[in-house]
Structures are given as C-alpha cells and as structure tokens.
>>> print(open('model_28.txt').read())   # compact mmCIF, N, CA and C atoms
# COMPACT_ATOMS: atom_id res chain seq x y z
N MET A 1 -7.80 6.36 -0.29
CA MET A 1 -7.23 5.57 -1.35
C MET A 1 -8.16 4.39 -1.62
N ARG A 2 -8.43 4.12 -2.89
CA ARG A 2 -9.32 3.02 -3.25
C ARG A 2 -8.54 1.73 -3.39
N SER A 3 -9.16 0.65 -2.99
CA SER A 3 -8.54 -0.67 -3.15
C SER A 3 -8.67 -1.12 -4.59
N HIS A 4 -7.74 -1.92 -5.03
CA HIS A 4 -7.80 -2.52 -6.35
C HIS A 4 -9.02 -3.44 -6.39
N PRO A 5 -9.79 -3.44 -7.47
CA PRO A 5 -11.01 -4.25 -7.51
C PRO A 5 -10.77 -5.76 -7.37
N LEU A 6 -9.59 -6.22 -7.71
CA LEU A 6 -9.30 -7.65 -7.60
C LEU A 6 -8.39 -7.98 -6.42
N ALA A 7 -8.26 -7.04 -5.50
CA ALA A 7 -7.38 -7.25 -4.35
C ALA A 7 -7.90 -8.40 -3.49
N ARG A 8 -6.99 -9.25 -3.03
CA ARG A 8 -7.37 -10.37 -2.15
C ARG A 8 -7.82 -9.87 -0.80
N THR A 9 -7.17 -8.81 -0.32
CA THR A 9 -7.51 -8.31 1.01
C THR A 9 -7.99 -6.88 0.93
N THR A 10 -9.15 -6.66 1.44
CA THR A 10 -9.67 -5.32 1.61
C THR A 10 -9.50 -4.97 3.08
N PHE A 11 -9.83 -3.75 3.44
CA PHE A 11 -9.71 -3.32 4.83
C PHE A 11 -10.50 -4.25 5.74
N ALA A 12 -11.72 -4.59 5.35
CA ALA A 12 -12.58 -5.44 6.19
C ALA A 12 -11.99 -6.84 6.36
N ILE A 13 -11.44 -7.40 5.29
CA ILE A 13 -10.84 -8.74 5.35
C ILE A 13 -9.60 -8.72 6.23
N ARG A 14 -8.78 -7.68 6.08
CA ARG A 14 -7.57 -7.56 6.91
C ARG A 14 -7.94 -7.50 8.39
N LYS A 15 -9.01 -6.77 8.68
CA LYS A 15 -9.46 -6.63 10.06
C LYS A 15 -9.92 -7.99 10.61
N GLN A 16 -10.68 -8.74 9.84
CA GLN A 16 -11.13 -10.07 10.26
C GLN A 16 -9.95 -10.98 10.51
N LEU A 17 -9.00 -10.98 9.58
CA LEU A 17 -7.82 -11.83 9.68
C LEU A 17 -7.02 -11.50 10.94
N ALA A 18 -6.72 -10.23 11.13
CA ALA A 18 -5.90 -9.82 12.27
C ALA A 18 -6.60 -10.13 13.59
N LYS A 19 -7.88 -9.85 13.68
CA LYS A 19 -8.61 -10.11 14.91
C LYS A 19 -8.66 -11.62 15.22
N ALA A 20 -8.81 -12.44 14.19
CA ALA A 20 -8.86 -13.90 14.40
C ALA A 20 -7.54 -14.41 14.95
N VAL A 21 -6.43 -13.89 14.45
CA VAL A 21 -5.10 -14.34 14.91
C VAL A 21 -4.82 -13.81 16.31
N VAL A 22 -5.08 -12.53 16.54
CA VAL A 22 -4.80 -11.92 17.84
C VAL A 22 -5.67 -12.56 18.94
N ALA A 23 -6.91 -12.88 18.60
CA ALA A 23 -7.81 -13.50 19.58
C ALA A 23 -7.47 -14.97 19.83
N GLY A 24 -6.62 -15.55 18.98
CA GLY A 24 -6.22 -16.94 19.16
C GLY A 24 -7.16 -17.94 18.52
N ARG A 25 -8.13 -17.44 17.75
CA ARG A 25 -9.06 -18.33 17.07
C ARG A 25 -8.38 -19.10 15.94
N LEU A 26 -7.43 -18.47 15.28
CA LEU A 26 -6.68 -19.10 14.18
C LEU A 26 -5.19 -18.84 14.36
N SER A 27 -4.40 -19.80 13.92
CA SER A 27 -2.96 -19.55 13.87
C SER A 27 -2.68 -18.71 12.63
N LEU A 28 -1.49 -18.18 12.53
CA LEU A 28 -1.13 -17.37 11.37
C LEU A 28 -1.26 -18.17 10.08
N SER A 29 -0.77 -19.40 10.09
CA SER A 29 -0.86 -20.26 8.89
C SER A 29 -2.30 -20.60 8.54
N GLU A 30 -3.11 -20.88 9.54
CA GLU A 30 -4.51 -21.21 9.30
C GLU A 30 -5.25 -19.99 8.73
N ALA A 31 -4.97 -18.82 9.28
CA ALA A 31 -5.62 -17.60 8.80
C ALA A 31 -5.22 -17.31 7.36
N ALA A 32 -3.94 -17.49 7.06
CA ALA A 32 -3.47 -17.25 5.69
C ALA A 32 -4.18 -18.19 4.72
N ALA A 33 -4.32 -19.45 5.09
CA ALA A 33 -4.99 -20.42 4.23
C ALA A 33 -6.47 -20.07 4.08
N GLU A 34 -7.11 -19.70 5.17
CA GLU A 34 -8.54 -19.39 5.13
C GLU A 34 -8.83 -18.17 4.26
N PHE A 35 -7.96 -17.17 4.34
CA PHE A 35 -8.18 -15.94 3.57
C PHE A 35 -7.46 -15.96 2.21
N LYS A 36 -6.82 -17.09 1.89
CA LYS A 36 -6.18 -17.32 0.59
C LYS A 36 -5.10 -16.28 0.26
N ILE A 37 -4.23 -16.03 1.26
CA ILE A 37 -3.08 -15.16 1.06
C ILE A 37 -1.85 -15.87 1.61
N SER A 38 -0.67 -15.35 1.34
CA SER A 38 0.55 -15.97 1.84
C SER A 38 0.69 -15.75 3.34
N ARG A 39 1.45 -16.62 3.98
CA ARG A 39 1.71 -16.49 5.41
C ARG A 39 2.43 -15.18 5.70
N GLN A 40 3.34 -14.78 4.81
CA GLN A 40 4.09 -13.54 4.99
C GLN A 40 3.15 -12.33 4.96
N SER A 41 2.21 -12.34 4.02
CA SER A 41 1.27 -11.23 3.92
C SER A 41 0.35 -11.19 5.14
N ALA A 42 -0.11 -12.34 5.58
CA ALA A 42 -0.94 -12.40 6.79
C ALA A 42 -0.16 -11.88 7.99
N GLY A 43 1.11 -12.27 8.09
CA GLY A 43 1.95 -11.81 9.18
C GLY A 43 2.12 -10.30 9.18
N LYS A 44 2.24 -9.74 7.99
CA LYS A 44 2.38 -8.28 7.86
C LYS A 44 1.15 -7.58 8.44
N TRP A 45 -0.04 -8.05 8.09
CA TRP A 45 -1.26 -7.40 8.55
C TRP A 45 -1.45 -7.58 10.06
N VAL A 46 -1.12 -8.76 10.56
CA VAL A 46 -1.25 -8.99 12.01
C VAL A 46 -0.26 -8.10 12.77
N ARG A 47 0.97 -7.99 12.27
CA ARG A 47 1.98 -7.14 12.91
C ARG A 47 1.52 -5.68 12.93
N ARG A 48 1.02 -5.19 11.80
CA ARG A 48 0.55 -3.80 11.74
C ARG A 48 -0.64 -3.58 12.68
N TYR A 49 -1.51 -4.59 12.78
CA TYR A 49 -2.66 -4.47 13.69
C TYR A 49 -2.19 -4.40 15.13
N ARG A 50 -1.22 -5.22 15.49
CA ARG A 50 -0.71 -5.21 16.86
C ARG A 50 0.00 -3.89 17.19
N GLU A 51 0.73 -3.37 16.23
CA GLU A 51 1.50 -2.14 16.46
C GLU A 51 0.66 -0.87 16.39
N LEU A 52 -0.29 -0.81 15.42
CA LEU A 52 -0.99 0.43 15.15
C LEU A 52 -2.50 0.36 15.34
N GLY A 53 -3.01 -0.81 15.65
CA GLY A 53 -4.46 -0.97 15.78
C GLY A 53 -5.12 -1.01 14.41
N VAL A 54 -6.39 -0.71 14.39
CA VAL A 54 -7.17 -0.78 13.15
C VAL A 54 -6.62 0.17 12.09
N GLU A 55 -6.07 1.32 12.51
CA GLU A 55 -5.51 2.29 11.54
C GLU A 55 -4.36 1.69 10.74
N GLY A 56 -3.66 0.72 11.30
CA GLY A 56 -2.54 0.09 10.61
C GLY A 56 -2.95 -0.79 9.45
N LEU A 57 -4.24 -1.09 9.33
CA LEU A 57 -4.73 -1.95 8.26
C LEU A 57 -5.15 -1.19 7.01
N ALA A 58 -5.09 0.13 7.07
CA ALA A 58 -5.48 0.95 5.92
C ALA A 58 -4.44 0.84 4.81
N ASP A 59 -4.88 1.10 3.59
CA ASP A 59 -3.96 1.12 2.45
C ASP A 59 -2.94 2.23 2.65
N ARG A 60 -1.73 1.98 2.17
CA ARG A 60 -0.67 2.98 2.23
C ARG A 60 -0.21 3.32 0.83
N SER A 61 0.33 4.49 0.69
CA SER A 61 0.88 4.90 -0.59
C SER A 61 2.17 4.13 -0.85
N SER A 62 2.41 3.79 -2.11
CA SER A 62 3.65 3.11 -2.46
C SER A 62 4.72 4.11 -2.92
N ARG A 63 4.40 5.40 -2.85
CA ARG A 63 5.35 6.44 -3.25
C ARG A 63 6.54 6.44 -2.30
N PRO A 64 7.75 6.55 -2.83
CA PRO A 64 8.93 6.59 -1.96
C PRO A 64 8.90 7.81 -1.04
N HIS A 65 9.46 7.68 0.13
CA HIS A 65 9.52 8.79 1.07
C HIS A 65 10.49 9.87 0.61
N ARG A 66 11.55 9.46 -0.07
CA ARG A 66 12.50 10.42 -0.61
C ARG A 66 13.10 9.86 -1.90
N LEU A 67 13.65 10.75 -2.70
CA LEU A 67 14.25 10.37 -3.97
C LEU A 67 15.75 10.62 -3.92
N ARG A 68 16.53 9.70 -4.46
CA ARG A 68 17.99 9.89 -4.48
C ARG A 68 18.39 11.02 -5.41
N HIS A 69 17.75 11.06 -6.58
CA HIS A 69 18.09 12.07 -7.58
C HIS A 69 16.82 12.84 -7.93
N GLN A 70 16.55 13.86 -7.17
CA GLN A 70 15.34 14.63 -7.36
C GLN A 70 15.46 15.50 -8.61
N THR A 71 14.37 15.62 -9.35
CA THR A 71 14.34 16.44 -10.55
C THR A 71 14.46 17.91 -10.16
N SER A 72 15.28 18.64 -10.88
CA SER A 72 15.51 20.05 -10.54
C SER A 72 14.24 20.86 -10.81
N PRO A 73 14.04 21.94 -10.04
CA PRO A 73 12.86 22.80 -10.26
C PRO A 73 12.81 23.38 -11.68
N GLU A 74 13.98 23.66 -12.25
CA GLU A 74 14.03 24.19 -13.62
C GLU A 74 13.48 23.18 -14.62
N MET A 75 13.87 21.92 -14.46
CA MET A 75 13.40 20.87 -15.37
C MET A 75 11.90 20.64 -15.19
N ILE A 76 11.42 20.70 -13.96
CA ILE A 76 9.99 20.53 -13.70
C ILE A 76 9.20 21.62 -14.41
N GLU A 77 9.69 22.86 -14.33
CA GLU A 77 9.01 23.98 -14.98
C GLU A 77 9.05 23.84 -16.50
N ARG A 78 10.18 23.39 -17.03
CA ARG A 78 10.31 23.19 -18.48
C ARG A 78 9.30 22.16 -18.98
N VAL A 79 9.19 21.06 -18.27
CA VAL A 79 8.25 19.99 -18.66
C VAL A 79 6.82 20.50 -18.55
N ALA A 80 6.50 21.21 -17.48
CA ALA A 80 5.15 21.74 -17.30
C ALA A 80 4.78 22.70 -18.42
N THR A 81 5.73 23.55 -18.80
CA THR A 81 5.49 24.49 -19.90
C THR A 81 5.24 23.75 -21.20
N MET A 82 6.05 22.77 -21.50
CA MET A 82 5.87 22.00 -22.73
C MET A 82 4.53 21.26 -22.74
N ARG A 83 4.11 20.75 -21.62
CA ARG A 83 2.81 20.06 -21.55
C ARG A 83 1.67 21.04 -21.80
N ARG A 84 1.77 22.23 -21.21
CA ARG A 84 0.74 23.24 -21.43
C ARG A 84 0.66 23.64 -22.91
N GLU A 85 1.80 23.61 -23.61
CA GLU A 85 1.86 23.98 -25.02
C GLU A 85 1.46 22.84 -25.93
N GLY A 86 1.19 21.66 -25.36
CA GLY A 86 0.73 20.53 -26.17
C GLY A 86 1.81 19.57 -26.58
N TRP A 87 3.04 19.78 -26.14
CA TRP A 87 4.12 18.85 -26.45
C TRP A 87 3.97 17.62 -25.54
N THR A 88 3.68 16.48 -26.16
CA THR A 88 3.41 15.28 -25.36
C THR A 88 4.61 14.35 -25.27
N GLY A 89 5.63 14.57 -26.06
CA GLY A 89 6.81 13.71 -26.05
C GLY A 89 6.72 12.55 -27.01
N LEU A 90 5.67 12.52 -27.83
CA LEU A 90 5.55 11.43 -28.80
C LEU A 90 6.19 11.78 -30.10
>>> encode(input="model_28.txt", output="structure tokens")
Amino acid sequence: MRSHPLARTTFAIRKQLAKAVVAGRLSLSEAAAEFKISRQSAGKWVRRYRELGVEGLADRSSRPHRLRHQTSPEMIERVATMRREGWTGL
C-alpha cells in the first residue's frame, strides 16, 4: 500500500518516533511535538510498535472487516453486467 504523498508520517518516520519513545529518549508529548503530529496519533504508533514490532507500523487498509448489509450476489452480477454494457449510471 502506498502512503499518501502529503502524509505526516511515513513508515520510516513512525519507526523513528516509536523507537525514540520506547528507548526513553523522548516522552510521548515531546515526540509528538518533534514529529508534528498529535499526542494521540503518536501514542497509537508507539502502542502498535510495542505490541507488534516494526510490522505494526505498516499502513493498514481502512476497509471494514465486515458489512452489516452486504450486497446480494444477484445485485452484484446485475451491476457488473450493466457496467460491461456501458451503463455508467449517469
């Protein structure tokens, strides 16, 4: 997954931030200020680093794990057919 080009934190920045806090070089608030992110966001990255290691700092999908009202297979096929036929919904 690619990072947003204007993202404040990339994988490398998250790693630096988490390592600085875990090593005791910076407090959570100091790290947040230094890396120009909120204390809550800094805390999230440090927590993930402590729980999962470096792998926890990778980008995650924002897709929901499950849907309350899943689209029926019939409707999915209908939409796919219409798209193939050039019906765009406009």
>>> atom_distance(input="model_28.txt", atom1="atom CA of Gly24 of chain A", atom2="atom CA of Asp59 of chain A")
24.7 Å
>>> residues_around(input="model_28.txt", residues="Glu55 of chain A", least_positions_apart="5", cutoff="10 Å", atoms="only C-alpha atoms", output="JSON, numbers by chain")
{"A": [11, 15, 48, 49]}
>>> select_by_dssp(input="model_28.txt", residues="chain A", states="alpha helix (DSSP H)", output="ChimeraX atom specification")
/A:11-22,28-34,39-52,73-84
>>> residues_near_point(input="model_28.txt", point="(-0.5, -12.5, 7.7)", cutoff="5 Å", atoms="only N, CA and C atoms", output="PDB file with N, CA and C atoms, in the coordinates of the input")
ATOM      1  N   ARG A  39       1.450 -16.620   3.980  1.00  0.00           N
ATOM      2  CA  ARG A  39       1.710 -16.490   5.410  1.00  0.00           C
ATOM      3  C   ARG A  39       2.430 -15.180   5.700  1.00  0.00           C
ATOM      4  N   GLN A  40       3.340 -14.780   4.810  1.00  0.00           N
ATOM      5  CA  GLN A  40       4.090 -13.540   4.990  1.00  0.00           C
ATOM      6  C   GLN A  40       3.150 -12.330   4.960  1.00  0.00           C
ATOM      7  N   SER A  41       2.210 -12.340   4.020  1.00  0.00           N
ATOM      8  CA  SER A  41       1.270 -11.230   3.920  1.00  0.00           C
ATOM      9  C   SER A  41       0.350 -11.190   5.140  1.00  0.00           C
ATOM     10  N   ALA A  42      -0.110 -12.340   5.580  1.00  0.00           N
ATOM     11  CA  ALA A  42      -0.940 -12.400   6.790  1.00  0.00           C
ATOM     12  C   ALA A  42      -0.160 -11.880   7.990  1.00  0.00           C
ATOM     13  N   GLY A  43       1.110 -12.270   8.090  1.00  0.00           N
ATOM     14  CA  GLY A  43       1.950 -11.810   9.180  1.00  0.00           C
ATOM     15  C   GLY A  43       2.120 -10.300   9.180  1.00  0.00           C
ATOM     16  N   LYS A  44       2.240  -9.740   7.990  1.00  0.00           N
ATOM     17  CA  LYS A  44       2.380  -8.280   7.860  1.00  0.00           C
ATOM     18  C   LYS A  44       1.150  -7.580   8.440  1.00  0.00           C
ATOM     19  N   TRP A  45      -0.040  -8.050   8.090  1.00  0.00           N
ATOM     20  CA  TRP A  45      -1.260  -7.400   8.550  1.00  0.00           C
ATOM     21  C   TRP A  45      -1.450  -7.580  10.060  1.00  0.00           C
ATOM     22  N   VAL A  46      -1.120  -8.760  10.560  1.00  0.00           N
ATOM     23  CA  VAL A  46      -1.250  -8.990  12.010  1.00  0.00           C
ATOM     24  C   VAL A  46      -0.260  -8.100  12.770  1.00  0.00           C
TER      25      VAL A  46
END
>>> closest_residue(input="model_28.txt", among="A:Ile37, A:Glu85, A:Arg50, A:Gly56", to="Val22 of chain A", atoms="only C-alpha atoms")
A:Arg50
>>> atom_distance(input="model_28.txt", atom1="atom CA of Lys36 of chain A", atom2="atom CA of Val54 of chain A")
20.8 Å
>>> closest_residue(input="model_28.txt", among="A:Ala32, A:His65, A:Glu51, A:Val79", to="Arg14 of chain A", atoms="only C-alpha atoms")
A:Ala32
>>> atom_distance(input="model_28.txt", atom1="atom C of Thr88 of chain A", atom2="atom C of Ser72 of chain A")
18.6 Å
>>> decode(input="model_28.txt", residues="segment 32-61 of chain A", atoms="N, CA, C and O atoms", output="mmCIF file, in the first residue's frame")
data_model
loop_
_atom_site.group_PDB
_atom_site.id
_atom_site.type_symbol
_atom_site.label_atom_id
_atom_site.label_comp_id
_atom_site.auth_asym_id
_atom_site.auth_seq_id
_atom_site.Cartn_x
_atom_site.Cartn_y
_atom_site.Cartn_z
ATOM 1 N N ALA A 32 5.649 13.684 19.850
ATOM 2 C CA ALA A 32 4.542 14.204 19.036
ATOM 3 C C ALA A 32 4.868 15.607 18.532
ATOM 4 O O ALA A 32 4.650 15.920 17.358
ATOM 5 N N ALA A 33 5.411 16.442 19.404
ATOM 6 C CA ALA A 33 5.762 17.809 19.012
ATOM 7 C C ALA A 33 6.892 17.800 17.979
ATOM 8 O O ALA A 33 6.849 18.539 16.989
ATOM 9 N N GLU A 34 7.889 16.972 18.196
ATOM 10 C CA GLU A 34 9.036 16.920 17.285
ATOM 11 C C GLU A 34 8.629 16.451 15.891
ATOM 12 O O GLU A 34 9.114 16.966 14.892
ATOM 13 N N PHE A 35 7.730 15.476 15.829
ATOM 14 C CA PHE A 35 7.310 14.935 14.536
ATOM 15 C C PHE A 35 6.053 15.618 13.991
ATOM 16 O O PHE A 35 5.515 15.204 12.967
ATOM 17 N N LYS A 36 5.570 16.640 14.710
ATOM 18 C CA LYS A 36 4.436 17.472 14.279
ATOM 19 C C LYS A 36 3.158 16.669 14.032
ATOM 20 O O LYS A 36 2.494 16.805 13.005
ATOM 21 N N ILE A 37 2.841 15.787 15.000
ATOM 22 C CA ILE A 37 1.592 15.042 14.964
ATOM 23 C C ILE A 37 0.943 15.150 16.341
ATOM 24 O O ILE A 37 1.570 15.596 17.298
ATOM 25 N N SER A 38 -0.300 14.731 16.463
ATOM 26 C CA SER A 38 -0.986 14.797 17.748
ATOM 27 C C SER A 38 -0.427 13.749 18.707
ATOM 28 O O SER A 38 0.158 12.749 18.290
ATOM 29 N N ARG A 39 -0.610 14.004 19.997
ATOM 30 C CA ARG A 39 -0.166 13.060 21.015
ATOM 31 C C ARG A 39 -0.899 11.732 20.865
ATOM 32 O O ARG A 39 -0.331 10.663 21.052
ATOM 33 N N GLN A 40 -2.186 11.791 20.503
ATOM 34 C CA GLN A 40 -2.977 10.576 20.322
ATOM 35 C C GLN A 40 -2.423 9.727 19.172
ATOM 36 O O GLN A 40 -2.327 8.506 19.278
ATOM 37 N N SER A 41 -2.066 10.382 18.074
ATOM 38 C CA SER A 41 -1.520 9.656 16.933
ATOM 39 C C SER A 41 -0.158 9.058 17.281
ATOM 40 O O SER A 41 0.124 7.900 16.949
ATOM 41 N N ALA A 42 0.668 9.809 17.973
ATOM 42 C CA ALA A 42 1.974 9.296 18.401
ATOM 43 C C ALA A 42 1.780 8.094 19.321
ATOM 44 O O ALA A 42 2.479 7.080 19.191
ATOM 45 N N GLY A 43 0.814 8.189 20.233
ATOM 46 C CA GLY A 43 0.530 7.088 21.140
ATOM 47 C C GLY A 43 0.091 5.831 20.406
ATOM 48 O O GLY A 43 0.462 4.717 20.777
ATOM 49 N N LYS A 44 -0.689 6.024 19.352
ATOM 50 C CA LYS A 44 -1.153 4.884 18.547
ATOM 51 C C LYS A 44 0.041 4.154 17.937
ATOM 52 O O LYS A 44 0.126 2.921 18.008
ATOM 53 N N TRP A 45 0.982 4.891 17.364
ATOM 54 C CA TRP A 45 2.128 4.259 16.716
ATOM 55 C C TRP A 45 3.048 3.584 17.733
ATOM 56 O O TRP A 45 3.558 2.490 17.482
ATOM 57 N N VAL A 46 3.232 4.217 18.876
ATOM 58 C CA VAL A 46 4.079 3.607 19.916
ATOM 59 C C VAL A 46 3.424 2.333 20.439
ATOM 60 O O VAL A 46 4.089 1.309 20.620
ATOM 61 N N ARG A 47 2.107 2.360 20.659
ATOM 62 C CA ARG A 47 1.391 1.169 21.133
ATOM 63 C C ARG A 47 1.510 0.029 20.122
ATOM 64 O O ARG A 47 1.811 -1.113 20.478
ATOM 65 N N ARG A 48 1.301 0.326 18.844
ATOM 66 C CA ARG A 48 1.412 -0.714 17.814
ATOM 67 C C ARG A 48 2.835 -1.262 17.736
ATOM 68 O O ARG A 48 3.028 -2.460 17.529
ATOM 69 N N TYR A 49 3.822 -0.383 17.914
ATOM 70 C CA TYR A 49 5.221 -0.839 17.885
ATOM 71 C C TYR A 49 5.501 -1.769 19.057
ATOM 72 O O TYR A 49 6.158 -2.798 18.893
ATOM 73 N N ARG A 50 4.996 -1.426 20.230
ATOM 74 C CA ARG A 50 5.215 -2.275 21.405
ATOM 75 C C ARG A 50 4.511 -3.625 21.260
ATOM 76 O O ARG A 50 5.039 -4.654 21.664
ATOM 77 N N GLU A 51 3.319 -3.611 20.697
ATOM 78 C CA GLU A 51 2.535 -4.843 20.570
ATOM 79 C C GLU A 51 2.982 -5.733 19.414
ATOM 80 O O GLU A 51 3.004 -6.951 19.537
ATOM 81 N N LEU A 52 3.314 -5.112 18.257
ATOM 82 C CA LEU A 52 3.548 -5.884 17.040
ATOM 83 C C LEU A 52 4.947 -5.731 16.457
ATOM 84 O O LEU A 52 5.260 -6.367 15.446
ATOM 85 N N GLY A 53 5.758 -4.881 17.045
ATOM 86 C CA GLY A 53 7.087 -4.637 16.497
ATOM 87 C C GLY A 53 7.011 -3.752 15.269
ATOM 88 O O GLY A 53 6.023 -3.040 15.044
ATOM 89 N N VAL A 54 8.030 -3.815 14.454
ATOM 90 C CA VAL A 54 8.116 -2.963 13.266
ATOM 91 C C VAL A 54 6.950 -3.217 12.309
ATOM 92 O O VAL A 54 6.452 -2.291 11.663
ATOM 93 N N GLU A 55 6.459 -4.461 12.246
ATOM 94 C CA GLU A 55 5.337 -4.783 11.345
ATOM 95 C C GLU A 55 4.080 -3.996 11.707
ATOM 96 O O GLU A 55 3.241 -3.725 10.847
ATOM 97 N N GLY A 56 3.931 -3.610 12.958
ATOM 98 C CA GLY A 56 2.763 -2.853 13.392
ATOM 99 C C GLY A 56 2.728 -1.431 12.883
ATOM 100 O O GLY A 56 1.707 -0.759 12.982
ATOM 101 N N LEU A 57 3.833 -0.954 12.323
ATOM 102 C CA LEU A 57 3.909 0.418 11.828
ATOM 103 C C LEU A 57 3.521 0.552 10.360
ATOM 104 O O LEU A 57 3.453 1.654 9.839
ATOM 105 N N ALA A 58 3.247 -0.561 9.711
ATOM 106 C CA ALA A 58 2.876 -0.539 8.292
ATOM 107 C C ALA A 58 1.471 0.035 8.124
ATOM 108 O O ALA A 58 0.649 0.004 9.041
ATOM 109 N N ASP A 59 1.209 0.570 6.938
ATOM 110 C CA ASP A 59 -0.123 1.074 6.621
ATOM 111 C C ASP A 59 -1.117 -0.077 6.658
ATOM 112 O O ASP A 59 -0.791 -1.205 6.304
ATOM 113 N N ARG A 60 -2.331 0.238 7.074
ATOM 114 C CA ARG A 60 -3.405 -0.752 7.105
ATOM 115 C C ARG A 60 -4.538 -0.300 6.203
ATOM 116 O O ARG A 60 -4.728 0.889 5.985
ATOM 117 N N SER A 61 -5.287 -1.249 5.741
ATOM 118 C CA SER A 61 -6.453 -0.933 4.933
ATOM 119 C C SER A 61 -7.537 -0.328 5.824
ATOM 120 O O SER A 61 -7.691 -0.710 6.977
#
